[in-house]
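Asker: For reference, this is input_19.txt, and it has compact mmCIF, C-alpha atoms.
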# COMPACT_ATOMS: atom_id res chain seq x y z
CA MET A 1 -76.20 -50.35 -30.73
CA PRO A 2 -77.16 -47.50 -33.09
CA ARG A 3 -75.83 -47.78 -36.59
CA ASN A 4 -74.13 -44.36 -36.43
CA LEU A 5 -72.18 -45.36 -33.34
CA GLN A 6 -71.13 -48.61 -35.01
CA ILE A 7 -69.82 -46.72 -38.02
CA THR A 8 -67.98 -44.24 -35.77
CA LEU A 9 -66.39 -47.04 -33.78
CA ALA A 10 -65.38 -48.84 -36.96
CA ILE A 11 -63.76 -45.66 -38.34
CA LEU A 12 -61.96 -45.10 -35.06
CA ALA A 13 -60.71 -48.68 -35.03
CA VAL A 14 -59.40 -48.33 -38.57
CA ALA A 15 -57.73 -45.04 -37.63
CA VAL A 16 -56.05 -46.63 -34.62
CA ILE A 17 -54.76 -49.52 -36.75
CA ILE A 18 -53.41 -47.10 -39.37
CA GLY A 19 -51.85 -45.02 -36.58
CA LEU A 20 -50.11 -48.04 -35.09
CA ILE A 21 -48.76 -49.09 -38.47
CA SER A 22 -47.52 -45.54 -39.13
CA LEU A 23 -45.96 -45.33 -35.69
CA ARG A 24 -44.03 -48.52 -36.28
CA GLY A 25 -42.80 -47.20 -39.61
CA LEU A 26 -41.84 -43.92 -37.98
CA GLN A 27 -39.89 -45.72 -35.29
CA ASN A 28 -37.99 -47.73 -37.88
CA HIS A 29 -37.24 -44.53 -39.78
CA VAL A 30 -35.86 -42.86 -36.64
CA LYS A 31 -33.72 -45.91 -35.94
CA ARG A 32 -32.39 -45.83 -39.50
CA LEU A 33 -31.58 -42.12 -39.17
CA ALA A 34 -29.73 -42.72 -35.90
CA GLN A 35 -27.73 -45.51 -37.51
CA THR A 36 -26.91 -43.26 -40.44
CA THR A 37 -25.63 -40.54 -38.07
CA THR A 38 -23.44 -43.03 -36.27
CA THR A 39 -22.15 -44.34 -39.54
CA GLU A 40 -21.33 -40.86 -40.77
CA GLU A 41 -19.51 -40.07 -37.52
CA GLN A 42 -17.60 -43.33 -37.77
CA ALA A 43 -16.80 -42.70 -41.41
CA ARG A 44 -15.46 -39.28 -40.56
CA ARG A 45 -13.31 -40.72 -37.81
CA ASP A 46 -12.00 -43.43 -40.10
CA LEU A 47 -11.28 -40.92 -42.83
CA LEU A 48 -9.50 -38.43 -40.60
CA LYS A 49 -7.67 -40.84 -38.40
CA PRO A 50 -4.47 -42.06 -40.00
CA SER A 51 -2.86 -45.22 -38.75
CA THR A 52 -0.98 -44.27 -35.61
CA SER A 53 1.55 -47.02 -35.89
CA SER A 54 4.20 -47.56 -38.51
CA PRO A 55 7.09 -49.98 -38.99
CA THR A 56 9.58 -47.27 -38.05
CA ASP A 57 8.08 -46.78 -34.57
CA VAL A 58 10.32 -47.93 -31.77
CA PRO A 59 9.27 -49.01 -28.29
CA ALA A 60 9.92 -46.12 -25.94
CA GLU A 61 9.02 -45.21 -22.42
CA ALA A 62 6.30 -42.56 -22.17
CA LYS A 63 4.73 -40.77 -19.23
CA ILE A 64 0.94 -40.85 -19.48
CA PHE A 65 -1.08 -38.85 -16.97
CA TRP A 66 -4.02 -40.82 -15.64
CA ALA A 67 -6.22 -40.24 -12.61
CA ASN A 68 -5.12 -41.14 -9.14
CA GLY A 69 -8.38 -40.72 -7.28
CA PRO A 70 -11.02 -38.18 -8.21
CA GLU A 71 -8.78 -35.15 -7.74
CA GLN A 72 -5.33 -36.09 -8.93
CA ILE A 73 -3.50 -37.06 -12.05
CA VAL A 74 -0.14 -38.75 -11.90
CA PRO A 75 2.37 -39.76 -14.54
CA ILE A 76 2.55 -43.48 -15.17
CA ARG A 77 5.42 -44.87 -17.17
CA VAL A 78 4.41 -47.15 -20.03
CA VAL A 79 6.32 -48.55 -22.98
CA LEU A 80 4.69 -47.73 -26.31
CA PRO A 81 5.71 -47.97 -29.94
CA LEU A 82 6.30 -44.28 -30.60
CA SER A 83 7.11 -42.36 -33.73
CA ALA A 84 9.91 -39.84 -33.80
CA GLU A 85 7.66 -37.54 -35.82
CA PRO A 86 5.94 -35.14 -33.35
CA VAL A 87 2.42 -35.17 -34.84
CA LYS A 88 2.26 -38.93 -35.08
CA ARG A 89 3.87 -39.30 -31.66
CA ALA A 90 1.30 -36.96 -30.10
CA ARG A 91 -1.55 -38.93 -31.68
CA GLN A 92 -0.14 -42.18 -30.35
CA LEU A 93 0.12 -40.70 -26.88
CA ILE A 94 -3.43 -39.35 -26.82
CA ASP A 95 -4.76 -42.63 -28.19
CA ALA A 96 -2.98 -44.42 -25.35
CA LEU A 97 -4.36 -41.92 -22.85
CA ILE A 98 -7.89 -42.68 -24.03
CA LEU A 99 -7.63 -46.40 -24.68
CA GLN A 100 -5.12 -47.80 -22.22
CA PRO A 101 -5.78 -46.57 -18.67
CA PRO A 102 -4.46 -49.19 -16.22
CA THR A 103 -7.90 -49.41 -14.58
CA PRO A 104 -11.30 -47.89 -15.41
CA GLU A 105 -11.02 -45.74 -12.28
CA GLN A 106 -7.89 -44.11 -13.67
CA ARG A 107 -9.63 -42.96 -16.82
CA THR A 108 -9.58 -39.18 -17.38
CA LEU A 109 -11.25 -39.05 -20.80
CA PRO A 110 -14.44 -40.76 -21.99
CA ASP A 111 -13.70 -44.17 -23.50
CA ASP A 112 -15.57 -43.28 -26.69
CA ALA A 113 -13.72 -40.00 -27.20
CA THR A 114 -11.70 -39.92 -30.39
CA LEU A 115 -8.90 -37.69 -31.54
CA LEU A 116 -10.15 -36.63 -34.97
CA GLY A 117 -7.16 -34.53 -35.92
CA PHE A 118 -3.89 -33.28 -34.55
CA TYR A 119 -1.74 -30.53 -35.97
CA ILE A 120 1.35 -28.63 -34.90
CA LEU A 121 1.78 -25.05 -36.05
CA PRO A 122 5.24 -23.56 -36.66
CA ASP A 123 5.13 -21.64 -33.37
CA GLY A 124 4.74 -24.86 -31.38
CA THR A 125 0.97 -24.62 -30.98
CA ALA A 126 -0.63 -28.06 -30.86
CA VAL A 127 -4.20 -28.24 -32.14
CA ALA A 128 -6.08 -31.30 -30.92
CA ASP A 129 -9.48 -31.88 -32.51
CA PHE A 130 -11.65 -34.31 -30.55
CA SER A 131 -15.00 -35.90 -31.28
CA ASP A 132 -18.16 -34.54 -29.61
CA THR A 133 -17.97 -37.38 -27.12
CA LEU A 134 -15.09 -35.69 -25.31
CA SER A 135 -17.49 -32.89 -24.47
CA THR A 136 -20.65 -34.93 -23.90
CA GLY A 137 -18.91 -37.73 -21.99
CA THR A 138 -16.87 -35.65 -19.54
CA PRO A 139 -18.77 -35.19 -16.28
CA SER A 140 -19.88 -31.59 -15.80
CA GLY A 141 -17.77 -29.89 -13.16
CA ILE A 142 -14.64 -27.80 -12.78
CA LEU A 143 -12.73 -30.63 -11.13
CA SER A 144 -13.55 -33.29 -13.73
CA GLU A 145 -13.06 -31.00 -16.71
CA MET A 146 -9.77 -29.71 -15.35
CA GLN A 147 -8.58 -33.27 -14.81
CA ALA A 148 -9.44 -34.13 -18.42
CA VAL A 149 -7.65 -31.11 -19.88
CA ASN A 150 -4.66 -31.50 -17.57
CA SER A 151 -4.22 -35.14 -18.47
CA ILE A 152 -4.04 -34.23 -22.16
CA ALA A 153 -1.76 -31.23 -21.62
CA ARG A 154 0.60 -32.98 -19.23
CA THR A 155 0.86 -36.10 -21.36
CA LEU A 156 1.75 -34.05 -24.44
CA GLU A 157 4.11 -31.80 -22.52
CA SER A 158 6.01 -34.69 -21.00
CA ASN A 159 6.58 -36.57 -24.22
CA VAL A 160 6.71 -34.04 -27.06
CA SER A 161 9.19 -31.37 -26.13
CA SER A 162 8.61 -29.13 -29.15
CA LEU A 163 5.08 -28.17 -28.09
CA ARG A 164 4.52 -24.77 -26.49
CA ARG A 165 0.75 -24.50 -26.10
CA LEU A 166 -2.38 -26.51 -26.71
CA LYS A 167 -5.65 -25.63 -28.39
CA ILE A 168 -8.55 -28.04 -28.01
CA LEU A 169 -11.27 -28.17 -30.68
CA ILE A 170 -14.47 -30.19 -30.60
CA HIS A 171 -15.50 -31.66 -33.95
CA GLY A 172 -13.40 -29.10 -35.78
CA GLN A 173 -14.93 -26.13 -33.99
CA GLU A 174 -13.80 -23.82 -31.23
CA VAL A 175 -16.27 -24.21 -28.37
CA ASP A 176 -16.88 -22.11 -25.28
CA THR A 177 -16.28 -24.81 -22.69
CA LEU A 178 -15.47 -28.49 -22.40
CA ALA A 179 -18.61 -29.42 -20.44
CA GLY A 180 -19.81 -26.12 -19.03
CA HIS A 181 -16.84 -24.86 -17.05
CA VAL A 182 -13.33 -25.05 -18.47
CA ASP A 183 -12.71 -22.35 -21.07
CA LEU A 184 -11.67 -23.83 -24.41
CA THR A 185 -11.60 -20.54 -26.31
CA GLY A 186 -7.98 -19.97 -25.35
CA PHE A 187 -4.79 -21.98 -25.14
CA PHE A 188 -3.16 -24.09 -22.46
CA ASP A 189 0.51 -23.60 -21.81
CA LEU A 190 2.84 -26.52 -22.43
CA ASN A 191 6.48 -26.83 -21.48
CA SER A 192 6.45 -23.44 -19.81
CA SER A 193 8.05 -22.75 -16.46
CA MET A 194 5.38 -23.09 -13.81
CA PRO A 195 5.04 -20.22 -11.34
CA ALA A 196 5.82 -21.35 -7.82
CA GLY A 197 2.72 -22.12 -5.80
CA LEU A 198 0.44 -22.66 -8.77
CA PRO A 199 0.67 -26.42 -9.13
CA ASN A 200 -2.66 -27.01 -10.76
CA THR A 201 -2.01 -24.90 -13.80
CA PRO A 202 -1.35 -26.83 -16.98
CA GLY A 203 2.17 -27.05 -15.60
CA GLY A 204 1.05 -28.91 -12.47
CA VAL A 205 -0.26 -32.37 -11.94
CA SER A 206 -2.04 -32.68 -8.66
CA LEU A 207 -4.32 -30.79 -6.37
CA PRO A 208 -3.14 -29.65 -2.97
CA THR A 209 -5.04 -31.43 -0.26
CA SER A 210 -4.70 -31.59 3.47
CA GLN A 211 -4.71 -35.37 3.12
CA PRO A 212 -2.22 -36.09 0.36
CA ALA A 213 -2.80 -39.23 -1.61
CA PRO A 214 0.06 -41.42 -2.73
CA THR A 215 1.33 -40.75 -6.21
CA ALA A 216 2.87 -43.08 -8.71
CA GLU A 217 5.53 -40.51 -9.39
CA PRO A 218 5.46 -37.43 -7.17
CA PRO A 219 5.82 -34.17 -9.03
CA THR A 220 8.73 -31.92 -8.22
CA PRO A 221 7.85 -30.25 -4.92
CA SER A 222 7.08 -26.59 -5.06
CA PRO A 223 8.21 -24.40 -2.18
CA ALA A 224 4.74 -22.90 -1.81
CA ALA A 225 2.76 -26.08 -2.26
CA LYS A 226 3.64 -29.28 -0.52
CA HIS A 227 0.60 -31.14 -1.78
CA PRO A 228 0.12 -30.36 -5.46
CA ARG A 229 -3.16 -31.12 -7.24
CA MET B 1 -21.24 -5.11 -4.04
CA ILE B 2 -21.09 -8.87 -3.72
CA VAL B 3 -22.28 -10.64 -6.88
CA ILE B 4 -23.25 -14.23 -6.13
CA ASP B 5 -23.49 -16.43 -9.20
CA PRO B 6 -25.44 -19.67 -8.85
CA ALA B 7 -24.10 -21.60 -11.84
CA HIS B 8 -26.23 -23.19 -14.57
CA GLY B 9 -30.04 -22.92 -14.52
CA GLY B 10 -32.89 -23.39 -16.98
CA THR B 11 -32.25 -26.30 -19.31
CA ASP B 12 -28.68 -26.54 -18.05
CA ASN B 13 -28.89 -28.74 -14.96
CA GLY B 14 -25.14 -28.83 -14.34
CA ALA B 15 -23.96 -31.89 -12.44
CA GLN B 16 -26.65 -34.51 -11.84
CA GLY B 17 -26.77 -36.81 -8.84
CA PRO B 18 -27.99 -40.37 -8.65
CA ASN B 19 -31.12 -39.40 -6.74
CA GLY B 20 -32.26 -36.76 -9.19
CA THR B 21 -30.43 -33.96 -7.42
CA VAL B 22 -29.31 -31.32 -9.88
CA GLU B 23 -26.57 -28.78 -9.39
CA LYS B 24 -28.64 -25.81 -10.57
CA ASP B 25 -31.09 -26.22 -7.69
CA VAL B 26 -28.49 -26.83 -5.01
CA VAL B 27 -26.37 -23.82 -5.97
CA LEU B 28 -29.41 -21.52 -6.05
CA ARG B 29 -30.26 -22.57 -2.54
CA LEU B 30 -26.65 -22.08 -1.43
CA ALA B 31 -26.51 -18.68 -3.12
CA ARG B 32 -29.57 -17.46 -1.25
CA GLN B 33 -28.03 -18.54 2.02
CA ILE B 34 -24.75 -16.81 1.17
CA ARG B 35 -26.66 -13.65 0.25
CA SER B 36 -28.38 -13.60 3.64
CA ASP B 37 -25.11 -13.98 5.51
CA PHE B 38 -23.42 -11.20 3.54
CA GLU B 39 -26.40 -8.90 4.03
CA ARG B 40 -26.31 -9.52 7.77
CA GLN B 41 -22.74 -8.21 7.72
CA GLY B 42 -23.84 -5.05 5.92
CA PHE B 43 -22.81 -5.96 2.39
CA ARG B 44 -24.96 -5.20 -0.63
CA VAL B 45 -25.58 -8.38 -2.57
CA VAL B 46 -27.02 -9.25 -5.95
CA LEU B 47 -27.59 -12.70 -7.50
CA THR B 48 -26.96 -13.33 -11.18
CA ARG B 49 -30.13 -15.40 -11.13
CA ASN B 50 -32.78 -15.86 -8.49
CA ASP B 51 -34.94 -18.38 -10.35
CA ASP B 52 -34.57 -21.24 -12.79
CA SER B 53 -33.21 -19.04 -15.57
CA ASN B 54 -29.84 -19.48 -17.23
CA PRO B 55 -28.15 -16.14 -17.98
CA SER B 56 -25.30 -16.36 -20.46
CA TYR B 57 -21.70 -16.09 -19.29
CA GLU B 58 -21.69 -12.58 -20.73
CA ASP B 59 -24.85 -11.55 -18.90
CA ARG B 60 -23.47 -12.81 -15.59
CA ALA B 61 -20.22 -10.93 -16.14
CA ALA B 62 -22.07 -7.82 -17.29
CA LEU B 63 -24.02 -7.72 -14.05
CA ALA B 64 -20.80 -7.68 -12.02
CA ASN B 65 -19.18 -5.20 -14.39
CA ALA B 66 -22.01 -2.74 -13.85
CA TYR B 67 -20.90 -2.09 -10.28
CA ARG B 68 -17.84 -0.41 -8.89
CA ASP B 69 -15.91 -2.47 -6.36
CA ALA B 70 -17.83 -5.64 -7.06
CA ILE B 71 -16.64 -9.07 -5.99
CA PHE B 72 -17.89 -11.97 -8.12
CA ILE B 73 -18.39 -15.37 -6.51
CA SER B 74 -19.57 -18.25 -8.69
CA VAL B 75 -20.96 -21.25 -6.81
CA HIS B 76 -20.76 -24.80 -8.20
CA VAL B 77 -21.20 -28.42 -7.16
CA SER B 78 -18.92 -30.98 -8.82
CA SER B 79 -19.75 -34.31 -10.41
CA THR B 80 -16.67 -35.90 -8.88
CA GLY B 81 -14.29 -35.35 -6.01
CA LYS B 82 -14.12 -36.28 -2.35
CA VAL B 83 -17.51 -35.80 -0.74
CA GLY B 84 -17.54 -32.97 1.77
CA THR B 85 -14.60 -31.03 0.35
CA ALA B 86 -14.44 -27.72 -1.48
CA HIS B 87 -12.12 -26.22 -4.07
CA VAL B 88 -11.63 -22.60 -5.03
CA TYR B 89 -10.52 -21.31 -8.43
CA SER B 90 -9.41 -18.04 -9.93
CA TYR B 91 -8.94 -17.43 -13.65
CA GLN B 92 -5.73 -18.16 -15.49
CA PHE B 93 -4.83 -16.84 -18.92
CA PRO B 94 -2.16 -18.57 -20.96
CA SER B 95 1.21 -16.99 -20.35
CA PRO B 96 1.96 -14.17 -22.82
CA ALA B 97 5.45 -15.50 -23.42
CA ALA B 98 4.12 -18.89 -24.48
CA SER B 99 1.18 -17.61 -26.46
CA GLY B 100 2.89 -14.74 -28.16
CA ASP B 101 0.08 -12.46 -27.06
CA ALA B 102 0.95 -8.99 -25.97
CA GLY B 103 -1.20 -9.32 -22.89
CA VAL B 104 -2.62 -6.44 -20.91
CA SER B 105 -0.76 -4.31 -18.44
CA GLU B 106 -1.41 -4.97 -14.78
CA THR B 107 -2.46 -1.34 -14.44
CA PRO B 108 -4.32 -0.62 -17.65
CA LYS B 109 -4.74 3.02 -18.54
CA SER B 110 -7.50 2.68 -21.09
CA LEU B 111 -9.96 0.18 -22.49
CA ILE B 112 -9.42 -3.53 -22.27
CA THR B 113 -11.23 -6.13 -24.29
CA TRP B 114 -14.26 -7.95 -22.96
CA GLU B 115 -12.50 -11.29 -23.38
CA GLU B 116 -9.62 -10.09 -21.20
CA ALA B 117 -11.63 -8.23 -18.58
CA GLN B 118 -10.41 -10.44 -15.74
CA ARG B 119 -6.73 -9.98 -16.55
CA PRO B 120 -6.11 -6.85 -14.42
CA TYR B 121 -7.71 -8.59 -11.43
CA LEU B 122 -5.84 -11.89 -11.56
CA ASP B 123 -3.70 -11.06 -8.56
CA VAL B 124 -6.49 -9.91 -6.27
CA SER B 125 -8.74 -12.74 -7.45
CA HIS B 126 -6.03 -15.27 -6.68
CA ARG B 127 -5.49 -13.72 -3.27
CA LEU B 128 -9.19 -13.89 -2.47
CA ALA B 129 -9.29 -17.49 -3.69
CA ASN B 130 -6.41 -18.43 -1.41
CA LEU B 131 -7.98 -16.69 1.57
CA LEU B 132 -11.18 -18.63 0.98
CA GLU B 133 -9.40 -21.92 0.41
CA VAL B 134 -7.65 -21.60 3.77
CA GLU B 135 -10.98 -20.90 5.46
CA LEU B 136 -12.65 -23.83 3.70
CA SER B 137 -9.84 -26.26 4.48
CA GLN B 138 -10.51 -25.59 8.16
CA ARG B 139 -14.22 -26.26 7.77
CA PHE B 140 -14.12 -29.09 5.25
CA PRO B 141 -11.22 -31.45 6.06
CA GLY B 142 -9.60 -32.90 2.96
CA SER B 143 -10.11 -29.74 0.96
CA ALA B 144 -7.28 -28.12 -0.93
CA LEU B 145 -4.84 -25.97 1.00
CA ILE B 146 -4.35 -23.44 -1.75
CA SER B 147 -6.60 -22.36 -4.59
CA THR B 148 -6.16 -23.30 -8.21
CA PRO B 149 -5.79 -20.87 -11.09
CA PHE B 150 -7.43 -22.33 -14.18
CA ALA B 151 -9.38 -21.18 -17.23
CA ILE B 152 -12.89 -21.16 -15.77
CA ARG B 153 -15.11 -19.64 -18.43
CA GLU B 154 -17.48 -17.81 -16.11
CA LEU B 155 -14.67 -15.72 -14.62
CA ARG B 156 -12.96 -14.54 -17.80
CA SER B 157 -15.02 -11.45 -18.61
CA VAL B 158 -15.59 -10.24 -15.09
CA SER B 159 -13.99 -6.86 -14.51
CA ALA B 160 -13.67 -7.36 -10.75
CA PRO B 161 -12.10 -9.82 -8.34
CA ALA B 162 -13.71 -13.11 -9.33
CA ILE B 163 -13.56 -16.63 -7.95
CA ALA B 164 -15.41 -19.90 -8.37
CA VAL B 165 -16.01 -22.26 -5.47
CA GLU B 166 -17.03 -25.87 -6.11
CA LEU B 167 -18.35 -28.24 -3.47
CA SER B 168 -17.90 -31.98 -3.85
CA SER B 169 -20.02 -33.57 -4.88
CA ILE B 170 -23.47 -34.05 -6.37
CA SER B 171 -23.06 -37.80 -5.80
CA VAL B 172 -23.70 -37.49 -2.06
CA PRO B 173 -26.23 -40.08 -0.90
CA ASP B 174 -28.34 -37.38 0.76
CA PRO B 175 -28.67 -33.94 -0.91
CA ASN B 176 -29.09 -32.40 2.54
CA MET B 177 -25.38 -33.03 3.05
CA LEU B 178 -24.70 -30.39 0.39
CA VAL B 179 -27.21 -27.99 1.88
CA ALA B 180 -25.55 -28.49 5.26
CA MET B 181 -22.29 -27.28 3.74
CA GLY B 182 -23.99 -23.95 3.02
CA ALA B 183 -23.55 -22.38 6.46
CA PRO B 184 -19.81 -23.03 6.79
CA LEU B 185 -19.29 -22.07 3.15
CA SER B 186 -21.16 -18.84 3.65
CA ASN B 187 -19.27 -18.05 6.83
CA ALA B 188 -15.95 -18.72 5.11
CA LEU B 189 -16.89 -16.47 2.20
CA VAL B 190 -17.83 -13.57 4.44
CA ARG B 191 -14.59 -13.88 6.41
CA SER B 192 -12.49 -14.07 3.24
CA VAL B 193 -14.07 -10.99 1.71
CA GLN B 194 -13.64 -9.09 4.96
CA MET B 195 -9.96 -10.04 5.03
CA LEU B 196 -9.54 -8.86 1.44
CA ARG B 197 -10.94 -5.39 2.08
CA PRO B 198 -8.57 -2.41 2.05
CA GLY B 199 -7.18 -1.72 5.48
CA ASN B 200 -7.08 -5.34 6.46
CA PRO B 201 -3.49 -6.43 7.12
CA LEU B 202 -4.05 -9.51 4.96
CA SER B 203 -5.10 -7.38 1.99
CA ARG B 204 -2.26 -5.88 0.01
CA ASN B 205 -4.15 -3.98 -2.66
CA GLY B 206 -7.78 -4.36 -1.79
CA SER B 207 -10.28 -4.54 -4.58
CA SER B 208 -10.81 -0.95 -5.52
CA MET B 209 -9.34 -1.24 -9.00
CA LYS B 210 -11.91 -0.72 -11.72
CA THR B 211 -11.24 -0.60 -15.40
CA GLN B 212 -13.34 0.32 -18.37
CA VAL B 213 -14.26 -2.74 -20.37
CA ALA B 214 -14.74 -2.64 -24.11
CA GLY B 215 -16.94 -4.88 -26.15
CA ALA B 216 -19.55 -5.66 -23.51
CA ASN B 217 -22.60 -7.23 -25.04
I need this file expressed as structure tokens, please.
Answerer:
Amino acid sequence: MPRNLQITLAILAVAVIIGLISLRGLQNHVKRLAQTTTTEEQARRDLLKPSTSSPTDVPAEAKIFWANGPEQIVPIRVVLPLSAEPVKRARQLIDALILQPPTPEQRTLPDDATLLGFYILPDGTAVADFSDTLSTGTPSGILSEMQAVNSIARTLESNVSSLRRLKILIHGQEVDTLAGHVDLTGFFDLNSSMPAGLPNTPGGVSLPTSQPAPTAEPPTPSPAAKHPR
Amino acid sequence: MIVIDPAHGGTDNGAQGPNGTVEKDVVLRLARQIRSDFERQGFRVVLTRNDDSNPSYEDRAALANAYRDAIFISVHVSSTGKVGTAHVYSYQFPSPAASGDAGVSETPKSLITWEEAQRPYLDVSHRLANLLEVELSQRFPGSALISTPFAIRELRSVSAPAIAVELSSISVPDPNMLVAMGAPLSNALVRSVQMLRPGNPLSRNGSSMKTQVAGAN
């Protein structure tokens, strides 16, 4: 083999070895960066999320809206230690909505979604600030996004009477949509009288179908809609 | 003018099925079929996209707002839901009483904001959505009997009757099942729009209302 070719091959071999070593280092660096991001996210959650239980909480019955099939949400009565203070009570309810669905199939929100902050303005506006995972973990689609938003709105509405409307933020920011469809730039009505025949507004709980599914607790029938969402 | 809006596109795949089926491709195919059926009935039709592009919400609305007497139909495929069913949506703003907003008159006399462009058309949009839902429930058993008003982003800035229809779902074992829903969907859409037109006994106001929209990008 010519000497020049030998030298070239040797240089190439050395370059490959150096490349492999660098690649391994680069991979480790990327892993470290990913871990750092997760840690920062976790730290932020830990910092922002106050303890949702306190010694003064009393066990009370709450209505949590979980899925009943892919197109319905229904209220399910559960007993939770609930605060009398509206902000803390709302946090406890949303935590239960995320963490305690009776079965995985009844889940309406991603299991890794976190409520980062919750505030109530003097006019009754509830501001719920969720982690990015609410947006990234909700399946893209009108039906799935509507079910997610409705489960939050209906759960708050049914258990915190002072709330009038809901604003959903993602990681502290107003975003265009939840996962591409449902508009999050506005508000969702809470505790407002629902127009007859519009059962799937934030005031309604189930979708009208020609094959009604059983519900854990049927919503009040509307004259114009016998099979609410 | 019928404005057909195949949702998503470009880097936004929309719902993704287990076999690699993506919503953006299915809805484009459905939209082309719907266009053909409307054109056969003498309607003028335009698509908000006819390739793998992803116009912004504003661009899609602006296209519809450029025409008088447009009807905007956004086509979607869901991630979830009962396979073989369809749901129809019109826009819903929060109630003025609850939000404290002044709202916009049902018969605006002057400019309205871009963000509220759909507000004057809520009634006719909801009527069209209900007409379509009835048609679809006959073709796709298990579908809703009435449409659903909800805050669907794509509809908000459309200054015309606007609805979204979503087929269920992208999780079908064979993507051809969704394509097969195209013909009945298209037929139902044509019938619903015909029923909405002025002069039809089922249409109370028709869709001739057109308002100037401020703030268009």
Asker: Do me a favour and pick out the residues of chain B within 10 Å of chain A, using all atoms listed in the file, as a count of residues only.
Answerer: 57
Asker: What is the distance, in Å and to one decimal place, between CA of Gly182 (chain B) and CA of Arg29 (chain B)?
Answerer: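 Pair CA of Gly182 (chain B) / CA of Arg29 (chain B) returns 8.5 Å.
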Asker: In Å, how far is it from CA of Ala70 (chain B) to CA of Phe43 (chain B)?
Answerer: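 Interatomic distance, CA of Ala70 (chain B) to CA of Phe43 (chain B): 10.7 Å.
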Asker: Go ahead and find all residues with at least one atom no further than 10 Å from (-18.3, -27.7, -28.5) in the file's coordinates, using only C-alpha atoms; report them as number ranges by chain.
Answerer: A: 130-136, 168-180, 184
Asker: Quote the spacing between CA of Trp66 (chain A) and CA of Arg89 (chain A) in Å to one decimal place.
Answerer: 17.9 Å
Asker: With distances taken over all atoms listed in the file, which of A:Ala113, A:Val78, A:Leu5, A:Ala62 is nearest to Ile98 (chain A)?
Answerer: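 For Ile98 (chain A), the nearest of the given residues is A:Ala113.
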Asker: Need the shell around Pro122 (chain A): protein/DNA/RNA residues with any atom at most 10 Å away, counting all atoms listed in the file. Skip same-chain ones fewer than 4 positions apart. Format as a list of chain:residue names?
Answerer: A:Ala126, A:Ser162, A:Leu163
Asker: Got a sec: who's within 9 Å of Ala31 (chain B), counting only C-alpha atoms, leaving out chain neighbours fewer than 6 positions off, as a PyMOL selection string?
Answerer: chain B and resi 4-6+47+50+74-75+182+186
Asker: Excluding same-chain residues fewer than 4 positions from Val158 (chain B), what lies within 6 Å of it counting only C-alpha atoms, as a list in words?
Answerer: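 The filter keeps Ala61, Ala117 and Gln118 of chain B.
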Asker: Smallest atom-to-atom distance to Lys63 (chain A): which of A:Ile21, A:Ile152, A:Leu33, A:Leu116, using all atoms listed in the file?
Answerer: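 Result for the nearest residue to Lys63 (chain A): A:Ile152.
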Asker: When distances are computed from only C-alpha atoms, which of B:Ile73, B:Leu189, B:Met177, B:Val124 shows the smallest separation from Leu136 (chain B)?
Answerer: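 Among B:Ile73, B:Leu189, B:Met177, B:Val124, it is B:Leu189 that comes nearest to Leu136 (chain B).
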Asker: Padding of 5 Å on every side, edges along x, y and z, all listed atoms of region 174-188 of chain B included: what centre and edge lengths in Å, to one decimal, does that box have, as JSON?
Answerer:
{"center_x": -22.5, "center_y": -27.7, "center_z": 3.0, "size_x": 23.1, "size_y": 29.3, "size_z": 17.7}
Asker: I'd like to know which of A:Pro110, A:Gly137, A:Pro55, A:Pro104 is closest to Ser83 (chain A), using all atoms listed in the file.
Answerer: A:Pro55
